[in-house]
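Colleague: Below is the structure I would like to discuss, written out as structure tokens.
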Amino acid sequence: MIVNCQLKKSERLTSQLVIEKLFAGGNASMAAFPLRIVYMKMEKDGGDGKNGNQVGKPPVSILVSVPKKRFRHAVDRNRMKRLIRETYRLNKHILWDALEGKDYRLALAFVCITDTLPTFYAVQKSMKKALIRITERLDL
RNA sequence: GCAGCCGGACAGUCUGUCGCUGGCGACUUAAUGACUGGUCAUUCACGUGAUUUUGGCAGCAAGUCGAAAGAGGAACGUCCGGGCAGCAUAGGGCAACCCACUUCCUAAUAUAGAAGCAGUCCGCAAGGGUUGAGUAAUGCAGAAGAAAAUAACAACAGACGGGGCAUCCAUGCUGAUUCUCUGAAUGAGCGUGAUUGUCACGGCUGAAAUGGUGAGAAGGUGAGGUAAGAGCUCACCAGCGGCAUGGUGACAUGUCGGCUGUGCAUCUUGGGUGCUGCAAGUUCAUGUAAACCACCGCCACGAGGGUAGCCCGCCCGAUUGUUCGGUGGAGGGUAGAACGCUUGAGCCAUGGGGUGACUCAUGGAGUAGAUAAAUGACAGACAUGCAUCACUGUACGUUGUGUAAACCACAUAGCACAAAUGCACACAGAACCCGGCUUACAGCCCGACUGCUUUC
């Protein structure tokens with residue numbers, strides 16, 4: 001099996017509307033230190049109809065947030081974001097496989113909730129755990 | 001060699017695997033567009049219309065592949081200046097605010113830069129920090145201090161007044177001793193008056209030297225001088241003013257003169273200041289009020305409003321309107337896209353000019369442009385720095401053994417270095433673009449200079 005390890009811009013969550021809806025409350029969230037994850041199911045998006053081609057949006061859109069309160073320097077914030085992005089990129093197949101054939105998409109937000117820079121492996125471990133837990137909850 | 005000081009350069013490198021961003025090139029899918037060809041209808045024909053996948057072209061968007069590119073010296077701070085953009089009218093006066101040693105550099109009038117000047121503080125020094133228009137007038141300056149500016153509280157000096165003590169003179173009284181005894185002499189005590197000295201007191205005068213203050217005390221130090229003292233006089237030093245010389249200048253040096261308080265504010269002089277910042281601003285799509293803009297008509301010729309503090313000036317502007325009427329545009333808000341956006345007062349090299357900031361000439365290289373915000377993640381190797389000798393290696397070297405004896409071999413207490421081991425590897429992330437500044441920072445290199453030390 002070829003594991004897709006890419007992370008294009010189209011998989012990033014950029015719409016202000018969706019982001020506000022995601023954080024407005026009422027959506028499921030879980031903590032997997034050093035991360036907090038908020039996720040939301042979305043319509044599979046029959047398209048806005050304007051440009052008729054629905055080549056298919058990816059099944060998951062993500063967003064990474066590292067509050068300035070946690071890391072004062074931009075350098076540290078960038079480092080943390082890169083770690084989160086990288087671990088998601090390497091493990092997103094867990095989620096993608098579970099969403100095969102489902103009729104909805106997912107919006108995911110990763111929020112950093114630690115004050116000290118963790119190692120790559122610590123982030124990867126909790127990322128794997130979190131993604132597995134999400135796939136379990138989706139079926140409920 | 002060690003320590004320091006100033007200026008400048010750099011601030012990791014390579015490999016593997018997996019990724020990100022925007023260009024470029026090729027290919028695939030391909031809405032759609034105009035063209036071309038075919039067919040049909042109509043027409044004498046040109047042409048027009050319908051339809052069609054003949055052909056290539058353009059192409060929203062997506063994907064695959066390829067080859068390159070992709071954070072800093074401070075990208076930080078946002079403390080200044082400029083470009084650029086829009087709003088505007090910015091014209092005059094006043095007010096308000098900002099700046100202030102000199103000369104220069106620059107796009108830049110700065111609280112920036114360069115080279116200097118003067119005062120002051122730190123350092124043995126190389127150097128570093130800090131301050132810098134004027135002071136005519138007015139005001140303020142403590143719970144300190146005698147006093148904060150035409151000084152007199154204490155202490156000092158002078159003469160005076162009354163007083164105490166001492167001295168000395170005159171005189172009166174008292175009593176004593178001696179003698180030549182109605183007297184004389186001697187010395188004593190008390191009183192009165194005057195003299196001189198001294199002590200304290202009182203007010204007066206002189207003086208500005210002394211004083212536990214203070215940021216600042218009537219220029220400083222020394223000598224003369226004086227009743228005591230004083231720039232009262234003199235010498236040196238500091239300040240101020242005139243003159244001369246040197247310097248573009250701030251100033252410096254010399255000389256002459258008189259005799260001199262500190263800080264702050266107001267003030268005076270000279271120079272300057274429109275506002276908002278790329279979320280500026282422009283365009284497209286979506287799309288709409290009675291808000292906004294333009295034009296026309298009616299009315300009207302100055303009521304009122306605007307001009308970011310006031311006045312003048314300027315601009316808008318009418319018949320009572322909760323909207324004068326009509327036509328056109330389309331703002332705000334919401335969710336998007338594109339431009340602005342990266343070739344720029346840019347960078348590098350060489351040569352010329354300048355102490356320097358900088359500048360002139362010639363030549364050369366070169367696509368960071370993200371936007372919930374790319375420029376990375378993981379692993380390994382190397383480089384660099386520090387520490388150490390437990391391991392490994394090497395040099396020195398002690399002792400022992402082998403040997404006839406060793407400068408040879410082996411083992412080894414010790415000691416040093418490393419190619420050995422361990423640890424560390426900073427500060428920090430573009431957001432319209434430049435210039436300057438501040439702040440943070442592991443290391444390392446280059447150059448100038450200073451102090452100490454060693455050798456010749």
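Order determines the names: the first chain of the structure tokens is A, the second B, and so forth; residues in each chain are numbered 1 upward, and ligands are numbered 1 upward as they are shown.
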Neighbouring residues of Met40 in chain A were defined as those with any atom within 7 Å, considering only C-alpha atoms (C1' of nucleotides); residues of the same chain fewer than 6 positions away were excluded. Please report them as a compact mmCIF listing (two decimals) with C-alpha atoms, in the first residue's frame.

Modeller:
```txt
# COMPACT_ATOMS: atom_id res chain seq x y z
CA LEU A 22 -15.49 25.12 14.51
CA ASN A 27 -18.03 20.50 18.69
CA ALA A 28 -16.20 17.52 20.04
CA LEU A 106 -13.85 16.42 8.79
CA ALA A 107 -12.52 19.74 9.98
CA LEU A 108 -9.70 19.40 12.49
```

Colleague: Neighbouring residues of Thr87 in chain A were defined as those with any atom within 8 Å, considering only C-alpha atoms (C1' of nucleotides); residues of the same chain fewer than 4 positions away were excluded. Please report them as a JSON list (two decimals) with N, CA and C atoms, in the first residue's frame.

Modeller:
```json
[["chain", "number", "residue", "atom", "x", "y", "z"],
["A", 83, "LEU", "N", 6.32, 20.91, 13.89],
["A", 83, "LEU", "CA", 6.26, 19.58, 14.49],
["A", 83, "LEU", "C", 4.87, 19.00, 14.34],
["A", 91, "ASN", "N", 1.12, 10.68, 9.68],
["A", 91, "ASN", "CA", 0.20, 9.73, 10.29],
["A", 91, "ASN", "C", -1.25, 9.92, 9.83],
["A", 120, "PHE", "N", 10.15, 15.64, 18.91],
["A", 120, "PHE", "CA", 9.38, 15.14, 17.78],
["A", 120, "PHE", "C", 8.63, 13.87, 18.15],
["A", 123, "VAL", "N", 5.49, 14.31, 20.32],
["A", 123, "VAL", "CA", 4.36, 14.81, 19.55],
["A", 123, "VAL", "C", 3.78, 13.70, 18.68],
["A", 124, "GLN", "N", 4.66, 12.92, 18.08],
["A", 124, "GLN", "CA", 4.19, 11.87, 17.18],
["A", 124, "GLN", "C", 3.37, 10.83, 17.95],
["A", 127, "MET", "N", 0.01, 12.25, 18.72],
["A", 127, "MET", "CA", -0.74, 12.44, 17.48],
["A", 127, "MET", "C", -1.37, 11.12, 17.04]]
```

Colleague: What are the residues of chain B that have an atom within 12 Å of an atom of chain A, counting only C-alpha atoms (C1' of nucleotides), as a count of residues only?

Modeller: 33

Colleague: Could you state the separation of CA of Asp97 in chain A and CA of Leu138 in chain A in Å, given to one decimal place?

Modeller: 12.5 Å

Colleague: Determine, counting only C-alpha atoms (C1' of nucleotides), which protein, DNA and RNA residues have an atom within 12 Å of an atom of C121 in chain B; residues of the same chain fewer than 3 positions away are not included. Present the result as a list of chain:residue names.

Modeller: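 Returned residues: B:G128, B:G129, B:U130, B:U131.
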
Colleague: Give me the residues near A338 in chain B as a PyMOL selection string, where near means some atom within 12 Å (using only C-alpha atoms (C1' of nucleotides)) and where sequence neighbours in that chain fewer than 3 positions away do not count.

Modeller: chain B and resi 282-285+341

Colleague: Next, dump the selected residues to file, keeping only N, CA and C atoms (P, O5', C5', C4', C3', O3' and C1' of nucleotides), as an mmCIF file, in the first residue's frame.

Modeller:
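Saved to selection_37.cif:
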```
data_model
loop_
_atom_site.group_PDB
_atom_site.id
_atom_site.type_symbol
_atom_site.label_atom_id
_atom_site.label_comp_id
_atom_site.auth_asym_id
_atom_site.auth_seq_id
_atom_site.Cartn_x
_atom_site.Cartn_y
_atom_site.Cartn_z
ATOM 1 P P U B 282 -8.985 53.930 -4.019
ATOM 2 O "O5'" U B 282 -8.507 53.011 -5.226
ATOM 3 C "C5'" U B 282 -7.863 53.600 -6.350
ATOM 4 C "C4'" U B 282 -7.456 52.558 -7.353
ATOM 5 C "C3'" U B 282 -8.560 51.633 -7.853
ATOM 6 O "O3'" U B 282 -9.382 52.227 -8.826
ATOM 7 C "C1'" U B 282 -6.634 50.360 -7.353
ATOM 8 P P U B 283 -10.937 51.801 -8.935
ATOM 9 O "O5'" U B 283 -10.856 50.319 -9.540
ATOM 10 C "C5'" U B 283 -10.387 50.122 -10.859
ATOM 11 C "C4'" U B 283 -10.192 48.650 -11.160
ATOM 12 C "C3'" U B 283 -11.429 47.773 -11.055
ATOM 13 O "O3'" U B 283 -12.293 47.895 -12.169
ATOM 14 C "C1'" U B 283 -9.594 46.676 -10.043
ATOM 15 P P C B 284 -13.873 47.621 -12.003
ATOM 16 O "O5'" C B 284 -13.950 46.038 -11.858
ATOM 17 C "C5'" C B 284 -13.571 45.204 -12.956
ATOM 18 C "C4'" C B 284 -13.542 43.745 -12.540
ATOM 19 C "C3'" C B 284 -14.849 43.189 -11.997
ATOM 20 O "O3'" C B 284 -15.776 42.894 -13.018
ATOM 21 C "C1'" C B 284 -13.040 42.444 -10.654
ATOM 22 P P A B 285 -17.352 43.079 -12.757
ATOM 23 O "O5'" A B 285 -17.719 41.796 -11.901
ATOM 24 C "C5'" A B 285 -17.616 40.502 -12.485
ATOM 25 C "C4'" A B 285 -17.755 39.427 -11.423
ATOM 26 C "C3'" A B 285 -19.018 39.531 -10.567
ATOM 27 O "O3'" A B 285 -20.133 38.947 -11.183
ATOM 28 C "C1'" A B 285 -17.133 39.230 -9.182
ATOM 29 P P C B 341 4.767 47.625 -5.783
ATOM 30 O "O5'" C B 341 4.888 46.135 -6.295
ATOM 31 C "C5'" C B 341 6.141 45.482 -6.363
ATOM 32 C "C4'" C B 341 6.039 44.048 -5.933
ATOM 33 C "C3'" C B 341 5.037 43.202 -6.700
ATOM 34 O "O3'" C B 341 5.600 41.928 -6.953
ATOM 35 C "C1'" C B 341 4.617 43.027 -4.399
#
```
